[in-house]
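Down below is the structure, laid out as structure tokens.
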Amino acid sequence: MATPSGIRPSHPLNLKESPIEGWKLFKQSWENYVVITDILKKDNKYQKAMFLHCIGPDALKVYNTFNLAEDGTTKLQDIIAKFENFIIGETNETYERYKFNQRNQLSEETTDQFITALKTLSSTCNFCDCMKESLLRDRLVTGIRNPETRKKLLERRKLALQDAIDICRATESSASQIKEMDHRQTSSDTINKIVKQPSRPFKVRPTSAQATCKFCGGQHQFLKSKCPAYGKVCSKCGGRNHFAKVCKKTQKKPHKAAPKVRNVKTDSDSESSSDWMNSIKGTIKCNMLVKGKPVAFLIDSGASVNLLPIKYATHLVASSTKPLRSYCDTIVDTKGISRQVIKNPKTGKNYSVEFVVVDNECQPVIGLKAARQMKLLVIKENNFEQVASLANNAIFNGELGSLPGKQHLTVDSSVATVIMPDRRVPIAMKAKLKTELGDMVKRGIITPMEEPTPWVSQLVVTPKPNGRLRVCLDPKFLNKALQREHYTMPILDDILHDLSSSKVFTKADLQNGYWHVQLDEESSRLTTFQTCFGRFRFLRLPFGLNVSAEIFLEKNKRAAWRHARCCLHERRYHHSRDKPTGT
């Protein structure tokens, strides 16, 4: 008879939560698997290989500690006996019976589940066959949760185990049925039932009774002709038929409403009494001819690019690689870049302008650079003191800089090396991660690694607000082996004294600061990490190391001192050249 196909092996042995119960379940499942697949007809080597494959990695580590024959002649039955002795060992009969006697029915536990748990506990108590059923019956009677069921069980003079089980099942089943019947009966009684609300008794206020009047504050009959405030005018609120001493309104003096200040509002031609700040209300628009048709363009002095809806664009010559960010810090999808010839109907001049093409709903925009070239905006730089801007493409070209020298990471050789497996990445992030890793390879931050290395760390990927991914190292075990620089970082109390006479403060944010520190070959191999696209290693100082902050500060301090010495030497050199000869 052929072996059935599609039979899965038994689940791996669980040694963490309950080793004894896990071993019993695995052994029972393995014996069934042996019978179904007829493994006993195979040779001893095949049987051991299949058993070790099914037992799982945790139990395989335990197997490696067994003292077995090196020639491989150990039989499968001996290996199973080794596991039996290792996991179960000598059973403490007193403790097993203590657990059995303390076991009661749990809340939300059915009768069948409670009986199964009792039978499982009794298997390790070494009860004799003549007393096993009576002990199970006694534990069932004393441990049942329902007192009514326990009363029925105690009323029987000669109660067998099976009779006790039947009574518990019947009581549990009948209670569930009665509950369902009561619920249905209650539901049917309340359908279309009109509940009559008790009527509120009508109270007749006697006119002859003396009481406090809420209009004048005095005592008189409940007649308006008897109230002295009837027909009078209140001096507090100006109302009628009450005095000021019982007036419930507070007089509000009219005041002039302060103008509202609003922020970021779309263009509107409607009049408003509010003032506006940092808005595009009342902005300047101009008509330009695009393919002979007039198009209203918004002249935006804060835009670095020119925008054109796709319905006006033709011949997309290139695709836009940079993200387009709006004033509210949202990313706008672009279709590409197109160069269009537009005509100013006022002057009759044609201009070739490069536009970033977006969706049809976008407002056409002429940026600052194009507006100045078309002489739509004129900036008189002689009439104001211009503030120097650091956003200079000639200086900040987007390339990654480097601090002088290469850094060496020192590790403690007594710490054992660790190779971590690949951390799973969501499917939605895999394409972005592949693009980000490729970009980091092009910029010289990381490089692919194919040679074996003693340290392999995991990767941490988190999304940025701009939609890209932040790739960091998770050197959990490597940090334990790294030896720190022990550089003393300055605190606020150390700096405040030096800043006592300062009046102008500047904040400089060095983007990707750690990546400006280059690593040597040996240190770079320590930063090897595993991804779903292969292994890589950092060529620059990665984020996540416990020594990165100290190394970065020390490198910057040395570079600053070196730059200061060079500047001082240059000033001395020029000063000596300016001196007269012979001095």
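Quick note on naming: the chains in the structure tokens go A, B, ... in the order shown, residues restart at 1 in each chain, and ligands are numbered from 1 in order of appearance.
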Determine which residues of region 283-456 of chain A receive a DSSP assignment of alpha helix (DSSP H), computed from the backbone, and state them as a tab-separated table (two decimals) with N, CA and C atoms, in the first residue's frame.
chain	number	residue	atom	x	y	z
A	368	LEU	N	9.07	82.70	-8.94
A	368	LEU	CA	9.81	83.94	-8.75
A	368	LEU	C	10.83	84.16	-9.86
A	369	LYS	N	11.60	83.12	-10.21
A	369	LYS	CA	12.65	83.28	-11.20
A	369	LYS	C	12.07	83.64	-12.56
A	370	ALA	N	11.02	82.94	-12.99
A	370	ALA	CA	10.41	83.25	-14.29
A	370	ALA	C	9.72	84.60	-14.28
A	371	ALA	N	9.11	84.96	-13.15
A	371	ALA	CA	8.43	86.26	-13.07
A	371	ALA	C	9.42	87.40	-13.18
A	372	ARG	N	10.63	87.26	-12.62
A	372	ARG	CA	11.64	88.31	-12.74
A	372	ARG	C	12.20	88.38	-14.15
A	373	GLN	N	12.39	87.22	-14.81
A	373	GLN	CA	12.89	87.23	-16.17
A	373	GLN	C	11.88	87.81	-17.15
A	427	ILE	N	5.32	43.94	2.61
A	427	ILE	CA	5.37	43.93	1.15
A	427	ILE	C	5.24	45.34	0.60
A	428	ALA	N	4.43	46.18	1.26
A	428	ALA	CA	4.24	47.54	0.76
A	428	ALA	C	5.52	48.37	0.84
A	429	MET	N	6.49	47.99	1.68
A	429	MET	CA	7.72	48.75	1.84
A	429	MET	C	8.88	48.21	1.02
A	430	LYS	N	8.72	47.02	0.42
A	430	LYS	CA	9.87	46.39	-0.23
A	430	LYS	C	10.37	47.21	-1.42
A	431	ALA	N	9.45	47.74	-2.23
A	431	ALA	CA	9.89	48.53	-3.39
A	431	ALA	C	10.61	49.80	-2.95
A	432	LYS	N	10.07	50.49	-1.94
A	432	LYS	CA	10.73	51.69	-1.43
A	432	LYS	C	12.08	51.36	-0.80
A	433	LEU	N	12.15	50.22	-0.09
A	433	LEU	CA	13.41	49.83	0.54
A	433	LEU	C	14.48	49.53	-0.51
A	434	LYS	N	14.08	48.87	-1.58
A	434	LYS	CA	15.04	48.57	-2.65
A	434	LYS	C	15.56	49.85	-3.29
A	435	THR	N	14.66	50.82	-3.50
A	435	THR	CA	15.07	52.10	-4.07
A	435	THR	C	16.00	52.86	-3.12
A	436	GLU	N	15.68	52.85	-1.82
A	436	GLU	CA	16.49	53.56	-0.83
A	436	GLU	C	17.88	52.92	-0.71
A	437	LEU	N	17.95	51.58	-0.72
A	437	LEU	CA	19.24	50.91	-0.64
A	437	LEU	C	20.09	51.21	-1.88
A	438	GLY	N	19.43	51.23	-3.06
A	438	GLY	CA	20.17	51.57	-4.27
A	438	GLY	C	20.70	52.99	-4.25
A	439	ASP	N	19.91	53.92	-3.71
A	439	ASP	CA	20.37	55.31	-3.61
A	439	ASP	C	21.53	55.43	-2.64
A	440	MET	N	21.48	54.68	-1.52
A	440	MET	CA	22.58	54.72	-0.55
A	440	MET	C	23.85	54.11	-1.13
A	441	VAL	N	23.72	53.10	-2.01
A	441	VAL	CA	24.90	52.54	-2.67
A	441	VAL	C	25.51	53.56	-3.62
A	442	LYS	N	24.66	54.28	-4.38
A	442	LYS	CA	25.17	55.29	-5.32
A	442	LYS	C	25.88	56.42	-4.59
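Counting only C-alpha atoms and comparing A:Gly302, A:Leu519, A:Val290, A:Arg240, the residue that lies closest to Gln340 (chain A) is A:Val290.
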Taking the DSSP assignment computed from this structure's backbone, write out as number ranges by chain all residues of region 295-380 of chain A that belong to strand (DSSP E).
A: 295-299, 307-309, 324-325, 331-332, 336-343, 350-358, 365-366
Measuring atom to atom with only C-alpha atoms, identify which of A:Ile20, A:Arg540, A:Ala175, A:Ser523 is nearest to Asn85 (chain A).
A:Ile20
For Trp30 (chain A), which residue out of A:Phe529, A:Phe51, A:Tyr312, A:Phe552 is the nearest one, using only C-alpha atoms?
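Counting only C-alpha atoms, the residue closest to Trp30 (chain A) is A:Phe51.
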Neighbours of region 414-426 of chain A within 7 Å (only C-alpha atoms; same-chain residues fewer than 2 positions away dropped), as number ranges by chain?
A: 412, 428-430, 454-459, 477, 481, 530-532
Those selected residues, please, written with all heavy atoms and delivered as a tab-separated table (two decimals), in the first residue's frame.
chain	number	residue	atom	x	y	z
A	412	ASP	N	35.64	44.47	21.76
A	412	ASP	CA	36.17	43.60	22.81
A	412	ASP	C	36.20	42.17	22.27
A	412	ASP	O	35.15	41.59	21.94
A	412	ASP	CB	35.30	43.69	24.06
A	412	ASP	CG	35.89	42.94	25.23
A	412	ASP	OD1	36.98	42.36	25.08
A	412	ASP	OD2	35.27	42.94	26.31
A	428	ALA	N	4.43	46.18	1.26
A	428	ALA	CA	4.24	47.54	0.76
A	428	ALA	C	5.52	48.37	0.84
A	428	ALA	O	5.63	49.39	0.14
A	428	ALA	CB	3.12	48.23	1.55
A	429	MET	N	6.49	47.99	1.68
A	429	MET	CA	7.72	48.75	1.84
A	429	MET	C	8.88	48.21	1.02
A	429	MET	O	9.93	48.86	0.94
A	429	MET	CB	8.14	48.77	3.32
A	429	MET	CG	7.33	49.68	4.20
A	429	MET	SD	8.08	49.81	5.85
A	429	MET	CE	6.94	50.93	6.65
A	430	LYS	N	8.72	47.02	0.42
A	430	LYS	CA	9.87	46.39	-0.23
A	430	LYS	C	10.37	47.21	-1.42
A	430	LYS	O	11.58	47.37	-1.61
A	430	LYS	CB	9.49	44.97	-0.67
A	430	LYS	CG	9.48	43.97	0.47
A	430	LYS	CD	9.33	42.56	-0.04
A	430	LYS	CE	9.43	41.57	1.12
A	430	LYS	NZ	9.33	40.18	0.67
A	454	PRO	N	32.06	38.14	10.67
A	454	PRO	CA	31.71	37.58	12.00
A	454	PRO	C	30.50	38.25	12.61
A	454	PRO	O	29.84	37.66	13.46
A	454	PRO	CB	32.98	37.86	12.82
A	454	PRO	CG	33.62	39.03	12.15
A	454	PRO	CD	33.34	38.88	10.69
A	455	TRP	N	30.20	39.49	12.23
A	455	TRP	CA	29.06	40.21	12.79
A	455	TRP	C	28.06	40.50	11.68
A	455	TRP	O	28.43	41.01	10.62
A	455	TRP	CB	29.50	41.53	13.42
A	455	TRP	CG	30.29	41.39	14.69
A	455	TRP	CD1	31.64	41.35	14.82
A	455	TRP	CD2	29.75	41.27	16.00
A	455	TRP	NE1	31.99	41.21	16.13
A	455	TRP	CE2	30.84	41.16	16.89
A	455	TRP	CE3	28.47	41.24	16.52
A	455	TRP	CZ2	30.69	41.02	18.25
A	455	TRP	CZ3	28.31	41.11	17.89
A	455	TRP	CH2	29.41	41.00	18.74
A	456	VAL	N	26.78	40.18	11.93
A	456	VAL	CA	25.68	40.52	11.02
A	456	VAL	C	24.53	41.03	11.87
A	456	VAL	O	24.02	40.31	12.74
A	456	VAL	CB	25.22	39.33	10.17
A	456	VAL	CG1	24.04	39.74	9.30
A	456	VAL	CG2	26.36	38.81	9.29
A	457	SER	N	24.14	42.28	11.65
A	457	SER	CA	23.06	42.90	12.42
A	457	SER	C	21.79	42.97	11.58
A	457	SER	O	21.80	42.69	10.37
A	457	SER	CB	23.45	44.32	12.87
A	457	SER	OG	24.63	44.29	13.66
A	458	GLN	N	20.71	43.35	12.23
A	458	GLN	CA	19.43	43.50	11.54
A	458	GLN	C	19.23	44.95	11.11
A	458	GLN	O	19.94	45.86	11.53
A	458	GLN	CB	18.28	43.05	12.44
A	458	GLN	CG	18.22	41.55	12.66
A	458	GLN	CD	17.03	41.15	13.49
A	458	GLN	OE1	16.54	41.92	14.30
A	458	GLN	NE2	16.56	39.93	13.31
A	459	LEU	N	18.22	45.14	10.28
A	459	LEU	CA	17.91	46.46	9.73
A	459	LEU	C	16.60	46.96	10.31
A	459	LEU	O	15.66	46.19	10.52
A	459	LEU	CB	17.79	46.38	8.20
A	459	LEU	CG	17.72	47.70	7.43
A	459	LEU	CD1	19.03	48.45	7.57
A	459	LEU	CD2	17.43	47.45	5.97
A	477	PHE	N	23.49	43.49	19.59
A	477	PHE	CA	24.57	42.69	20.18
A	477	PHE	C	25.93	43.31	19.89
A	477	PHE	O	26.87	43.14	20.67
A	477	PHE	CB	24.51	41.26	19.64
A	477	PHE	CG	23.22	40.56	19.97
A	477	PHE	CD1	22.18	40.51	19.07
A	477	PHE	CD2	23.04	39.96	21.21
A	477	PHE	CE1	20.99	39.86	19.37
A	477	PHE	CE2	21.87	39.32	21.53
A	477	PHE	CZ	20.83	39.28	20.61
A	481	ALA	N	29.81	44.79	22.37
A	481	ALA	CA	31.23	44.51	22.14
A	481	ALA	C	32.02	45.76	21.80
A	481	ALA	O	33.25	45.75	21.91
A	481	ALA	CB	31.38	43.49	21.01
A	530	GLN	N	21.77	42.44	7.35
A	530	GLN	CA	21.05	41.51	6.47
A	530	GLN	C	19.74	42.14	6.03
A	530	GLN	O	19.00	42.72	6.83
A	530	GLN	CB	20.78	40.20	7.21
A	530	GLN	CG	20.12	39.12	6.38
A	530	GLN	CD	21.09	38.49	5.40
A	530	GLN	OE1	21.12	38.87	4.24
A	530	GLN	NE2	21.89	37.54	5.88
A	531	THR	N	19.41	42.03	4.74
A	531	THR	CA	18.14	42.48	4.19
A	531	THR	C	17.56	41.40	3.30
A	531	THR	O	18.23	40.39	3.02
A	531	THR	CB	18.30	43.79	3.38
A	531	THR	OG1	19.04	43.52	2.19
A	531	THR	CG2	19.03	44.85	4.19
A	532	CYS	N	16.34	41.62	2.83
A	532	CYS	CA	15.72	40.67	1.91
A	532	CYS	C	16.33	40.75	0.52
A	532	CYS	O	16.01	39.92	-0.35
A	532	CYS	CB	14.22	40.90	1.85
A	532	CYS	SG	13.76	42.60	1.43
Residues within 8 Å of Pro345 (chain A), please, as an mmCIF file with C-alpha atoms, in the first residue's frame. Count only C-alpha atoms; anything in the same chain fewer than 6 positions from it doesn't count.
data_model
loop_
_atom_site.group_PDB
_atom_site.id
_atom_site.type_symbol
_atom_site.label_atom_id
_atom_site.label_comp_id
_atom_site.auth_asym_id
_atom_site.auth_seq_id
_atom_site.Cartn_x
_atom_site.Cartn_y
_atom_site.Cartn_z
ATOM 1 C CA ASN A 287 -3.364 86.337 -18.373
ATOM 2 C CA MET A 288 -0.915 84.507 -20.605
ATOM 3 C CA LEU A 289 -1.628 82.864 -23.948
#
Pick out the closest residue to Glu522 (chain A) from this set: A:Ser176, A:Thr334, A:Thr453, A:Pro463. Count only C-alpha atoms.
A:Thr453
